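Trainee: Dropping in final.csv, with CSV, C-alpha atoms and all ligand atoms.
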chain,number,residue,atom,x,y,z
S,1,ALA,CA,31.7,-0.2,0.6
S,2,LYS,CA,34.4,-0.9,-2.0
S,3,SER,CA,32.5,-3.3,-4.2
S,4,ILE,CA,28.7,-3.1,-4.7
S,5,ALA,CA,26.0,-4.8,-6.7
S,6,VAL,CA,22.7,-3.6,-8.0
S,7,LEU,CA,19.5,-5.6,-8.7
S,8,THR,CA,15.9,-5.1,-9.6
S,9,SER,CA,13.3,-7.2,-7.9
S,10,GLY,CA,9.5,-7.8,-7.8
S,11,GLY,CA,7.3,-6.1,-10.4
S,12,ASP,CA,9.1,-4.1,-13.0
S,13,ALA,CA,8.5,-0.3,-13.3
S,14,PRO,CA,9.5,2.3,-15.9
S,15,GLY,CA,12.5,4.2,-14.6
S,16,MET,CA,14.2,1.2,-13.0
S,17,ASN,CA,16.8,1.5,-15.7
S,18,ALA,CA,17.6,5.1,-14.8
S,19,ALA,CA,18.1,4.0,-11.2
S,20,VAL,CA,20.4,1.1,-12.3
S,21,ARG,CA,22.4,3.5,-14.5
S,22,ALA,CA,22.7,6.0,-11.7
S,23,VAL,CA,23.9,3.3,-9.2
S,24,VAL,CA,26.5,2.0,-11.7
S,25,ARG,CA,27.9,5.3,-12.7
S,26,SER,CA,27.9,6.8,-9.2
S,27,GLY,CA,29.6,3.7,-7.9
S,28,LEU,CA,32.3,3.8,-10.6
S,29,SER,CA,32.8,7.5,-10.0
S,30,PHE,CA,33.5,6.8,-6.3
S,31,GLY,CA,36.1,4.3,-7.4
S,32,MET,CA,34.0,1.2,-6.5
S,33,LYS,CA,33.7,-2.0,-8.4
S,34,VAL,CA,30.0,-2.4,-9.5
S,35,TYR,CA,28.2,-5.7,-10.3
S,36,GLY,CA,24.9,-6.0,-12.1
S,37,VAL,CA,22.8,-8.9,-10.8
S,38,MET,CA,20.4,-10.6,-13.2
S,39,ARG,CA,16.7,-11.4,-12.3
S,40,GLY,CA,16.5,-10.1,-8.8
S,41,TYR,CA,17.7,-12.1,-5.8
S,42,ASN,CA,17.9,-15.2,-8.1
S,43,GLY,CA,21.1,-13.7,-9.6
S,44,LEU,CA,22.8,-13.7,-6.2
S,45,LEU,CA,21.7,-17.3,-5.6
S,46,ASN,CA,23.0,-18.7,-8.8
S,47,GLY,CA,25.9,-16.4,-9.4
S,48,ASP,CA,24.3,-14.7,-12.4
S,49,LEU,CA,26.0,-11.3,-12.0
S,50,HIS,CA,28.7,-9.4,-13.9
S,51,GLU,CA,30.9,-6.5,-13.5
S,52,MET,CA,29.6,-3.3,-15.0
S,53,SER,CA,31.4,-0.5,-16.8
S,54,MET,CA,30.3,3.1,-17.6
S,55,ARG,CA,29.2,1.8,-21.0
S,56,SER,CA,27.2,-1.2,-19.6
S,57,VAL,CA,24.4,1.2,-18.8
S,58,SER,CA,24.4,3.2,-22.0
S,59,ASP,CA,21.2,3.6,-23.9
S,60,ILE,CA,18.9,2.3,-21.2
S,61,ILE,CA,17.6,5.5,-19.4
S,62,GLN,CA,14.9,5.9,-22.0
S,63,HIS,CA,13.6,2.3,-21.9
S,64,GLY,CA,10.8,0.9,-19.7
S,65,GLY,CA,11.3,-2.5,-18.0
S,66,THR,CA,14.6,-3.4,-16.5
S,67,ALA,CA,17.8,-4.3,-18.4
S,68,LEU,CA,18.8,-6.5,-15.4
S,69,PHE,CA,15.5,-8.4,-15.7
S,70,THR,CA,13.5,-9.0,-12.5
S,71,ALA,CA,12.0,-12.0,-10.7
S,72,ARG,CA,10.3,-13.1,-7.6
S,73,SER,CA,12.6,-15.6,-5.8
S,74,PRO,CA,10.9,-18.0,-3.3
S,75,GLU,CA,14.3,-19.6,-2.6
S,76,PHE,CA,15.8,-16.3,-1.4
S,77,ASN,CA,12.8,-15.8,1.0
S,78,THR,CA,14.3,-18.5,3.3
S,79,PRO,CA,17.1,-18.3,5.9
S,80,GLU,CA,19.2,-20.7,3.7
S,81,GLY,CA,18.6,-18.6,0.6
S,82,VAL,CA,19.7,-15.4,2.4
S,83,GLN,CA,22.9,-17.1,3.6
S,84,LYS,CA,23.6,-18.4,0.1
S,85,ALA,CA,23.1,-14.9,-1.4
S,86,ALA,CA,25.4,-13.5,1.3
S,87,ALA,CA,28.0,-16.1,0.4
S,88,THR,CA,28.0,-15.1,-3.2
S,89,CYS,CA,28.6,-11.5,-2.2
S,90,ARG,CA,31.4,-12.5,0.2
S,91,ASN,CA,33.1,-14.6,-2.5
S,92,LEU,CA,33.2,-11.7,-4.9
S,93,GLY,CA,34.1,-9.1,-2.2
S,94,ILE,CA,30.7,-7.4,-2.6
S,95,ASP,CA,30.0,-5.5,0.6
S,96,GLY,CA,27.0,-3.4,-0.5
S,97,VAL,CA,23.9,-4.1,-2.5
S,98,VAL,CA,21.3,-1.7,-3.9
S,99,VAL,CA,17.9,-3.3,-4.3
S,100,ILE,CA,15.3,-1.6,-6.5
S,101,GLY,CA,11.8,-2.9,-5.8
S,102,GLY,CA,8.8,-2.9,-3.5
S,103,ASP,CA,8.2,-3.8,0.2
S,104,GLY,CA,8.9,-7.5,-0.3
S,105,SER,CA,12.2,-6.7,-1.9
S,106,PHE,CA,13.0,-4.4,1.1
S,107,ARG,CA,12.3,-7.3,3.5
S,108,GLY,CA,14.9,-9.2,1.5
S,109,ALA,CA,17.3,-6.3,1.8
S,110,ARG,CA,16.8,-6.2,5.5
S,111,ASP,CA,17.5,-9.9,5.8
S,112,LEU,CA,20.6,-9.7,3.6
S,113,THR,CA,21.9,-6.8,5.7
S,114,GLY,CA,21.4,-9.0,8.7
S,115,ALA,CA,23.6,-11.6,7.0
S,116,GLY,CA,26.5,-9.1,6.8
S,117,VAL,CA,25.9,-7.4,3.4
S,118,LEU,CA,25.0,-3.7,3.6
S,119,CYS,CA,21.8,-3.2,1.6
S,120,ILE,CA,20.0,-0.1,0.4
S,121,GLY,CA,16.4,-0.2,-1.0
S,122,ILE,CA,15.1,2.1,-3.7
S,123,PRO,CA,11.3,2.2,-4.2
S,124,GLY,CA,10.5,1.0,-7.7
S,125,THR,CA,6.9,0.2,-8.3
S,126,ILE,CA,4.2,1.9,-10.4
S,127,ASP,CA,1.6,1.6,-7.6
S,128,ASN,CA,3.1,4.3,-5.3
S,129,ASP,CA,2.2,1.9,-2.4
S,130,ILE,CA,5.3,2.3,-0.2
S,131,ALA,CA,4.5,4.1,3.0
S,132,CYS,CA,7.8,5.8,3.7
S,133,THR,CA,8.0,7.7,0.4
S,134,ASP,CA,5.8,10.2,-1.3
S,135,TYR,CA,6.9,8.8,-4.7
S,136,THR,CA,8.0,5.5,-6.2
S,137,ILE,CA,9.9,5.1,-9.5
S,138,GLY,CA,7.4,4.3,-12.3
S,139,TYR,CA,4.4,6.0,-10.8
S,140,ASP,CA,4.5,9.1,-13.0
S,141,THR,CA,4.9,7.0,-16.2
S,142,ALA,CA,2.0,4.8,-15.2
S,143,LEU,CA,-0.2,7.8,-14.4
S,144,ASN,CA,0.5,9.4,-17.7
S,145,THR,CA,-0.1,6.1,-19.6
S,146,ALA,CA,-3.4,5.5,-17.8
S,147,MET,CA,-4.5,9.0,-18.5
S,148,GLU,CA,-3.6,8.8,-22.2
S,149,MET,CA,-5.4,5.4,-22.5
S,150,ILE,CA,-8.5,6.8,-20.8
S,151,ASP,CA,-8.5,9.8,-23.0
S,152,ARG,CA,-8.7,7.4,-26.0
S,153,ILE,CA,-11.5,5.5,-24.4
S,154,ARG,CA,-13.3,8.7,-23.8
S,155,ASP,CA,-13.4,9.6,-27.5
S,156,THR,CA,-15.4,6.5,-28.3
S,157,THR,CA,-17.5,6.7,-25.1
S,158,GLU,CA,-18.4,10.3,-26.0
S,159,SER,CA,-19.4,9.3,-29.6
S,160,HIS,CA,-21.8,6.7,-28.4
S,161,ASP,CA,-23.2,8.4,-25.3
S,162,ARG,CA,-21.9,5.6,-23.1
S,163,CYS,CA,-20.4,5.0,-19.7
S,164,SER,CA,-16.9,3.5,-19.6
S,165,VAL,CA,-15.7,1.8,-16.5
S,166,VAL,CA,-11.9,1.6,-16.5
S,167,GLU,CA,-9.9,-0.5,-14.1
S,168,VAL,CA,-6.4,0.9,-13.4
S,169,MET,CA,-3.6,-0.7,-11.4
S,170,GLY,CA,-3.3,-0.5,-7.6
S,171,ARG,CA,-4.0,-3.6,-5.5
S,172,ARG,CA,-3.8,-2.0,-2.1
S,173,CYS,CA,-3.3,1.6,-3.1
S,174,GLY,CA,-5.8,4.0,-4.9
S,175,ASP,CA,-3.2,6.6,-5.9
S,176,ILE,CA,-3.2,5.7,-9.6
S,177,ALA,CA,-7.0,5.7,-9.6
S,178,LEU,CA,-7.4,8.9,-7.7
S,179,HIS,CA,-4.9,10.9,-9.8
S,180,THR,CA,-6.1,9.6,-13.2
S,181,GLY,CA,-9.7,10.0,-12.1
S,182,ILE,CA,-9.0,13.7,-11.5
S,183,ALA,CA,-7.0,14.0,-14.7
S,184,VAL,CA,-9.7,12.5,-16.9
S,185,GLY,CA,-12.7,13.9,-15.1
S,186,ALA,CA,-14.2,10.6,-13.9
S,187,ILE,CA,-17.7,10.9,-12.5
S,188,ALA,CA,-16.7,8.4,-9.8
S,189,THR,CA,-13.4,6.9,-8.7
S,190,LEU,CA,-13.4,3.8,-6.6
S,191,VAL,CA,-10.3,3.1,-4.4
S,192,PRO,CA,-9.5,0.3,-1.9
S,193,GLU,CA,-8.9,2.8,0.9
S,194,ILE,CA,-12.5,4.2,0.9
S,195,PRO,CA,-15.7,2.1,0.9
S,196,TYR,CA,-18.3,3.2,-1.6
S,197,ASP,CA,-22.0,3.2,-1.7
S,198,PHE,CA,-23.2,2.1,-5.2
S,199,GLN,CA,-26.4,4.2,-5.2
S,200,LYS,CA,-25.0,7.4,-3.7
S,201,ASP,CA,-21.5,7.4,-5.1
S,202,ILE,CA,-22.2,6.2,-8.7
S,203,VAL,CA,-25.9,6.0,-9.7
S,204,ASP,CA,-27.0,9.2,-8.0
S,205,ARG,CA,-24.0,11.1,-9.3
S,206,MET,CA,-24.6,9.9,-12.8
S,207,LYS,CA,-28.3,10.8,-12.7
S,208,ALA,CA,-27.6,14.3,-11.3
S,209,ALA,CA,-25.0,14.9,-14.1
S,210,GLN,CA,-27.4,13.5,-16.7
S,211,ALA,CA,-30.0,16.0,-15.5
S,212,THR,CA,-27.6,18.8,-16.3
S,213,GLY,CA,-27.1,17.5,-19.8
S,214,LYS,CA,-24.1,15.1,-19.4
S,215,LYS,CA,-24.4,12.1,-21.7
S,216,HIS,CA,-21.1,10.2,-21.4
S,217,PHE,CA,-19.3,9.0,-18.3
S,218,ILE,CA,-16.0,7.6,-17.1
S,219,VAL,CA,-15.8,5.6,-13.9
S,220,VAL,CA,-12.3,4.7,-12.7
S,221,VAL,CA,-11.9,1.6,-10.5
S,222,ALA,CA,-8.7,0.6,-8.8
S,223,GLU,CA,-7.6,-3.0,-9.3
S,224,GLY,CA,-7.9,-3.6,-5.5
S,225,VAL,CA,-11.6,-2.7,-5.6
S,226,GLY,CA,-12.1,-5.2,-8.5
S,227,LYS,CA,-15.4,-6.5,-9.8
S,228,THR,CA,-15.1,-4.1,-12.7
S,229,GLN,CA,-17.3,-6.2,-15.0
S,230,GLU,CA,-20.0,-6.5,-12.3
S,231,ILE,CA,-19.9,-2.8,-11.6
S,232,THR,CA,-20.3,-2.1,-15.3
S,233,GLU,CA,-23.3,-4.3,-15.7
S,234,ARG,CA,-25.0,-2.9,-12.7
S,235,ILE,CA,-24.4,0.7,-13.9
S,236,GLN,CA,-26.1,-0.2,-17.2
S,237,LYS,CA,-29.0,-1.9,-15.4
S,238,GLU,CA,-29.6,0.9,-12.9
S,239,THR,CA,-29.0,4.0,-15.1
S,240,GLY,CA,-30.1,2.6,-18.5
S,241,ILE,CA,-26.8,4.0,-20.0
S,242,GLU,CA,-24.9,1.6,-22.2
S,243,SER,CA,-21.8,0.7,-20.3
S,244,ARG,CA,-18.5,-1.0,-21.2
S,245,ALA,CA,-15.6,-2.2,-19.0
S,246,THR,CA,-11.9,-1.9,-19.9
S,247,ILE,CA,-9.1,-3.3,-17.8
S,248,LEU,CA,-6.0,-1.4,-18.7
S,249,GLY,CA,-3.7,-4.0,-17.1
S,250,HIS,CA,0.0,-4.3,-17.9
S,251,VAL,CA,0.0,-1.6,-20.5
S,252,GLN,CA,0.5,0.7,-17.4
S,253,ARG,CA,3.7,-1.0,-16.5
S,254,GLY,CA,5.5,-0.4,-19.8
S,255,GLY,CA,6.7,2.4,-22.0
S,256,SER,CA,9.4,5.0,-22.0
S,257,PRO,CA,9.8,6.5,-18.5
S,258,THR,CA,8.7,10.1,-18.1
S,259,LEU,CA,11.1,12.9,-17.3
S,260,ARG,CA,10.1,12.8,-13.6
S,261,ASP,CA,10.7,9.1,-13.3
S,262,ARG,CA,14.1,9.4,-14.9
S,263,VAL,CA,15.2,12.3,-12.7
S,264,VAL,CA,13.9,10.9,-9.4
S,265,ALA,CA,15.4,7.5,-10.2
S,266,SER,CA,18.7,9.1,-11.0
S,267,ARG,CA,18.7,11.1,-7.7
S,268,MET,CA,17.7,8.0,-5.7
S,269,GLY,CA,20.4,5.9,-7.3
S,270,TYR,CA,23.0,8.4,-6.5
S,271,HIS,CA,21.8,8.8,-2.9
S,272,ALA,CA,21.9,5.0,-2.4
S,273,VAL,CA,25.5,4.8,-3.4
S,274,GLU,CA,26.4,7.8,-1.2
S,275,LEU,CA,25.1,5.8,1.7
S,276,LEU,CA,27.1,2.7,0.8
S,277,GLN,CA,30.2,4.8,0.4
S,278,LYS,CA,29.7,5.9,4.0
S,279,SER,CA,29.3,2.2,4.9
S,280,VAL,CA,25.7,2.8,5.9
S,281,GLY,CA,23.2,-0.1,5.2
S,282,ASN,CA,19.7,-1.2,6.0
S,283,ARG,CA,18.2,2.0,4.7
S,284,VAL,CA,15.4,2.8,2.2
S,285,VAL,CA,15.8,5.8,0.0
S,286,ALA,CA,12.6,7.9,-0.1
S,287,MET,CA,11.2,11.1,-1.4
S,288,LYS,CA,9.6,13.6,1.0
S,289,GLY,CA,8.3,16.6,-0.8
S,290,GLU,CA,11.0,17.2,-3.3
S,291,GLN,CA,13.8,16.1,-1.0
S,292,ILE,CA,15.6,12.7,-1.3
S,293,VAL,CA,15.9,11.2,2.2
S,294,ASP,CA,16.4,7.7,3.8
S,295,PHE,CA,14.9,5.6,6.5
S,296,ASP,CA,15.8,2.5,8.5
S,297,ILE,CA,14.2,-0.4,6.6
S,298,THR,CA,12.3,-1.8,9.5
S,299,GLU,CA,11.0,1.6,10.4
S,300,ALA,CA,10.0,2.2,6.8
S,301,LEU,CA,8.2,-1.2,6.6
S,302,ASN,CA,6.2,-0.3,9.8
S,303,MET,CA,5.0,3.1,8.6
S,304,PRO,CA,1.3,3.3,7.9
S,305,ARG,CA,0.4,4.3,4.4
S,306,VAL,CA,-1.6,7.5,4.2
S,307,PHE,CA,-4.2,8.0,1.5
S,308,ASP,CA,-5.0,11.6,0.5
S,309,GLU,CA,-8.6,11.6,1.5
S,310,ASN,CA,-8.8,15.4,1.1
S,311,LEU,CA,-7.8,15.1,-2.5
S,312,TYR,CA,-10.4,12.3,-2.9
S,313,ARG,CA,-13.1,14.6,-1.6
S,314,ILE,CA,-12.0,17.4,-3.9
S,315,SER,CA,-12.1,15.1,-6.9
S,316,ALA,CA,-15.7,14.2,-6.2
S,317,LYS,CA,-16.6,17.9,-6.1
S,318,LEU,CA,-14.9,18.6,-9.5
S,319,SER,CA,-16.3,15.7,-11.5
S,320,ILE,CA,-20.0,16.3,-11.8
Q,401,LIG,P1,5.9,-5.3,-6.1
Q,401,LIG,O1,5.3,-4.3,-5.2
Q,401,LIG,O2,6.2,-4.8,-7.4
Q,401,LIG,O3,5.2,-6.7,-6.1
Q,401,LIG,P2,7.9,-6.4,-4.2
Q,401,LIG,O4,9.3,-6.1,-4.0
Q,401,LIG,O5,7.0,-6.1,-3.1
Q,401,LIG,O6,7.4,-5.6,-5.5
Q,401,LIG,P3,7.7,-9.3,-3.9
Q,401,LIG,O7,7.3,-10.3,-4.8
Q,401,LIG,O8,6.9,-9.1,-2.6
Q,401,LIG,O9,7.7,-7.9,-4.7
Q,401,LIG,O10,9.2,-9.5,-3.4
Q,401,LIG,C1,10.3,-9.6,-4.3
Q,401,LIG,C2,11.3,-10.6,-3.7
Q,401,LIG,O11,11.8,-10.2,-2.4
Q,401,LIG,C3,10.7,-12.0,-3.4
Q,401,LIG,O12,10.6,-12.8,-4.5
Q,401,LIG,C4,11.6,-12.5,-2.3
Q,401,LIG,O13,12.7,-13.1,-2.9
Q,401,LIG,C5,12.0,-11.3,-1.6
Q,401,LIG,N1,11.1,-11.2,-0.4
Q,401,LIG,C6,9.8,-10.9,-0.3
Q,401,LIG,N2,9.3,-10.9,0.9
Q,401,LIG,C7,10.4,-11.3,1.7
Q,401,LIG,C8,10.5,-11.5,3.1
Q,401,LIG,N3,9.5,-11.3,4.0
Q,401,LIG,N4,11.8,-11.8,3.6
Q,401,LIG,C9,12.8,-11.9,2.7
Q,401,LIG,N5,12.7,-11.7,1.4
Q,401,LIG,C10,11.5,-11.4,0.9
Have the structure of the file written as structure tokens, please.
Ligand code: ATP
Mentor:
Amino acid sequence: AKSIAVLTSGGDAPGMNAAVRAVVRSGLSFGMKVYGVMRGYNGLLNGDLHEMSMRSVSDIIQHGGTALFTARSPEFNTPEGVQKAAATCRNLGIDGVVVIGGDGSFRGARDLTGAGVLCIGIPGTIDNDIACTDYTIGYDTALNTAMEMIDRIRDTTESHDRCSVVEVMGRRCGDIALHTGIAVGAIATLVPEIPYDFQKDIVDRMKAAQATGKKHFIVVVAEGVGKTQEITERIQKETGIESRATILGHVQRGGSPTLRDRVVASRMGYHAVELLQKSVGNRVVAMKGEQIVDFDITEALNMPRVFDENLYRISAKLSI
């Protein structure tokens, strides 16, 4: 590709800026023209894009959110929308687009590639819910934020001999819950991938721990399990321990990206541009172990997500 564009799409995630910066600077260093597209696919539909320079992406690597803004674009998600976006690219001579987002955004990238514009997806979402990759940009920052917030909740939980039930993000994916649950020593962690038995997995565990002298408890619930308020009330009723619910919500989406998010995003951004330089499109950049690799978008979208059940079992053994 000689001329490329970069956009962020779907939910924002800390580290997206580092990926944008890497795409812009790698592209320029390869002698390409690079456009920044505003508000996801919407920017391609209404021509809201501008040429970037090395300095356009200064001072963004340390910021959460996305300097290009993001959006969900119902209009793009139609055959006419895809053709319109492709026409914008053709008119400006853009023959490659890097799309930073989640699975929905990758479906868009696949369609836009089908319309003649080579697209590369980069996984950017705090949930870590993309099957083809071990890691998504924003995940590490979200984990660390959730852990820090729960540590704070723990201070007050401990002072009052209470139980705190904390809902963390993850609609379809329990990775944030599992990892923060381990990191904060949650007595129980509920994830969408594994059904739970209220009596056995929560009440009995709390009572057994109580018998050994434990007086305060943290229960972590993934958003996808839901019913956090109900779970909290039921815990209080069945254990007699005063219980409080906290839904962390969007606090997990913001903040300065961690070192890991910045570095992975930078590596993925570079990799995406390398593919476009070789005129390769319809790929998703992914992380396998510590390696940056790439997959065909359709294959990537069809991969089954694997939840680390072994780590889930270990976490139950450790928090007691
Ligand atoms: P997140 O995981 O943060 O929600 P996402 O990328 O999955 O991110 P979506 O809202 O699903 O977020 O998708 C973002 C945009 O991608 C949509 O607004 C739409 O324009 C485009 N898109 C989504 N699904 C498709 C599809 N099946 N075909 C073409 N384009 C799509």
Trainee: Which residues sit within 9 Å of ligand LIG 401 (chain Q), counting all atoms listed in the file, listed as a PyMOL selection string?
Mentor: chain S and resi 8-13+40-42+70-79+81-82+100-112+123-130
Trainee: Generate the output file for the selected residues, C-alpha atoms, as a PDB file, in the frame of the given file.
Mentor:
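again_22.pdb written:
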ATOM      1  CA  THR S   8      15.900  -5.100  -9.600  1.00  0.00           C
ATOM      2  CA  SER S   9      13.300  -7.200  -7.900  1.00  0.00           C
ATOM      3  CA  GLY S  10       9.500  -7.800  -7.800  1.00  0.00           C
ATOM      4  CA  GLY S  11       7.300  -6.100 -10.400  1.00  0.00           C
ATOM      5  CA  ASP S  12       9.100  -4.100 -13.000  1.00  0.00           C
ATOM      6  CA  ALA S  13       8.500  -0.300 -13.300  1.00  0.00           C
ATOM      7  CA  GLY S  40      16.500 -10.100  -8.800  1.00  0.00           C
ATOM      8  CA  TYR S  41      17.700 -12.100  -5.800  1.00  0.00           C
ATOM      9  CA  ASN S  42      17.900 -15.200  -8.100  1.00  0.00           C
ATOM     10  CA  THR S  70      13.500  -9.000 -12.500  1.00  0.00           C
ATOM     11  CA  ALA S  71      12.000 -12.000 -10.700  1.00  0.00           C
ATOM     12  CA  ARG S  72      10.300 -13.100  -7.600  1.00  0.00           C
ATOM     13  CA  SER S  73      12.600 -15.600  -5.800  1.00  0.00           C
ATOM     14  CA  PRO S  74      10.900 -18.000  -3.300  1.00  0.00           C
ATOM     15  CA  GLU S  75      14.300 -19.600  -2.600  1.00  0.00           C
ATOM     16  CA  PHE S  76      15.800 -16.300  -1.400  1.00  0.00           C
ATOM     17  CA  ASN S  77      12.800 -15.800   1.000  1.00  0.00           C
ATOM     18  CA  THR S  78      14.300 -18.500   3.300  1.00  0.00           C
ATOM     19  CA  PRO S  79      17.100 -18.300   5.900  1.00  0.00           C
ATOM     20  CA  GLY S  81      18.600 -18.600   0.600  1.00  0.00           C
ATOM     21  CA  VAL S  82      19.700 -15.400   2.400  1.00  0.00           C
ATOM     22  CA  ILE S 100      15.300  -1.600  -6.500  1.00  0.00           C
ATOM     23  CA  GLY S 101      11.800  -2.900  -5.800  1.00  0.00           C
ATOM     24  CA  GLY S 102       8.800  -2.900  -3.500  1.00  0.00           C
ATOM     25  CA  ASP S 103       8.200  -3.800   0.200  1.00  0.00           C
ATOM     26  CA  GLY S 104       8.900  -7.500  -0.300  1.00  0.00           C
ATOM     27  CA  SER S 105      12.200  -6.700  -1.900  1.00  0.00           C
ATOM     28  CA  PHE S 106      13.000  -4.400   1.100  1.00  0.00           C
ATOM     29  CA  ARG S 107      12.300  -7.300   3.500  1.00  0.00           C
ATOM     30  CA  GLY S 108      14.900  -9.200   1.500  1.00  0.00           C
ATOM     31  CA  ALA S 109      17.300  -6.300   1.800  1.00  0.00           C
ATOM     32  CA  ARG S 110      16.800  -6.200   5.500  1.00  0.00           C
ATOM     33  CA  ASP S 111      17.500  -9.900   5.800  1.00  0.00           C
ATOM     34  CA  LEU S 112      20.600  -9.700   3.600  1.00  0.00           C
ATOM     35  CA  PRO S 123      11.300   2.200  -4.200  1.00  0.00           C
ATOM     36  CA  GLY S 124      10.500   1.000  -7.700  1.00  0.00           C
ATOM     37  CA  THR S 125       6.900   0.200  -8.300  1.00  0.00           C
ATOM     38  CA  ILE S 126       4.200   1.900 -10.400  1.00  0.00           C
ATOM     39  CA  ASP S 127       1.600   1.600  -7.600  1.00  0.00           C
ATOM     40  CA  ASN S 128       3.100   4.300  -5.300  1.00  0.00           C
ATOM     41  CA  ASP S 129       2.200   1.900  -2.400  1.00  0.00           C
ATOM     42  CA  ILE S 130       5.300   2.300  -0.200  1.00  0.00           C
TER      43      ILE S 130
END
Trainee: So which one's closest to Met206 (chain S), S:Val225, S:Ile218, S:Val251, S:Leu301? Using only C-alpha atoms, please.
Mentor: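 For Met206 (chain S), the nearest of the candidates is S:Ile218.
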Trainee: Counting all atoms listed in the file, which residues have an atom no more than 10 Å from (24.2, -15.8, -8.2) in the file's coordinates? Please list them as a VMD selection string.
Mentor: chain S and resid 37 to 50 84 to 89
Trainee: Which residue out of S:Tyr139, S:Asp134, S:Asp151, S:Met54 has the minimum interatomic distance to Thr258 (chain S) when all atoms listed in the file are used?
Mentor: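 Checking each candidate against Thr258 (chain S), we get S:Tyr139 as the closest.
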Trainee: Just want the 10 Å neighbourhood of Asp201 (chain S), counted on all atoms listed in the file, with same-chain residues fewer than 4 positions away dropped. Output as a list in words.
Mentor: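 So, after excluding close chain neighbours, the residues are Ile187, Ala188, Thr189, Leu190, Pro195, Tyr196, Asp197, Arg205, Met206 and Ala316 of chain S.
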Trainee: Which residues are near Val24 (chain S)? Cut-off 10 Å, all atoms listed in the file, ignore same chain within fewer than 2 positions. Put them as an NGL selection string.
Mentor: :S and (4-6 or 18-22 or 26-29 or 32-36 or 51-57 or 269-270 or 273)
Trainee: Please compute the CA of Phe69 (chain S)-CA of Leu7 (chain S) distance, one decimal, in Å.
Mentor: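 Between CA of Phe69 (chain S) and CA of Leu7 (chain S) the gap works out to 8.5 Å.
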Trainee: Please report the interatomic distance between CA of Ile122 (chain S) and CA of Val99 (chain S) in Å with one decimal.
Mentor: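 Interatomic distance here is 6.1 Å.
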Trainee: Near Ile194 (chain S), within 12 Å and counting all atoms listed in the file, which residues show up once chain neighbours fewer than 3 positions away are dropped, as a compact mmCIF listing (two decimals) with C-alpha atoms, keeping the file's coordinate frame?
Mentor:
# COMPACT_ATOMS: atom_id res chain seq x y z
CA ARG S 172 -3.80 -2.00 -2.10
CA CYS S 173 -3.30 1.60 -3.10
CA GLY S 174 -5.80 4.00 -4.90
CA ASP S 175 -3.20 6.60 -5.90
CA ALA S 177 -7.00 5.70 -9.60
CA LEU S 178 -7.40 8.90 -7.70
CA THR S 189 -13.40 6.90 -8.70
CA LEU S 190 -13.40 3.80 -6.60
CA VAL S 191 -10.30 3.10 -4.40
CA ASP S 197 -22.00 3.20 -1.70
CA ASP S 201 -21.50 7.40 -5.10
CA VAL S 221 -11.90 1.60 -10.50
CA ALA S 222 -8.70 0.60 -8.80
CA GLY S 224 -7.90 -3.60 -5.50
CA VAL S 225 -11.60 -2.70 -5.60
CA VAL S 306 -1.60 7.50 4.20
CA PHE S 307 -4.20 8.00 1.50
CA ASP S 308 -5.00 11.60 0.50
CA GLU S 309 -8.60 11.60 1.50
CA ASN S 310 -8.80 15.40 1.10
CA TYR S 312 -10.40 12.30 -2.90
CA ARG S 313 -13.10 14.60 -1.60
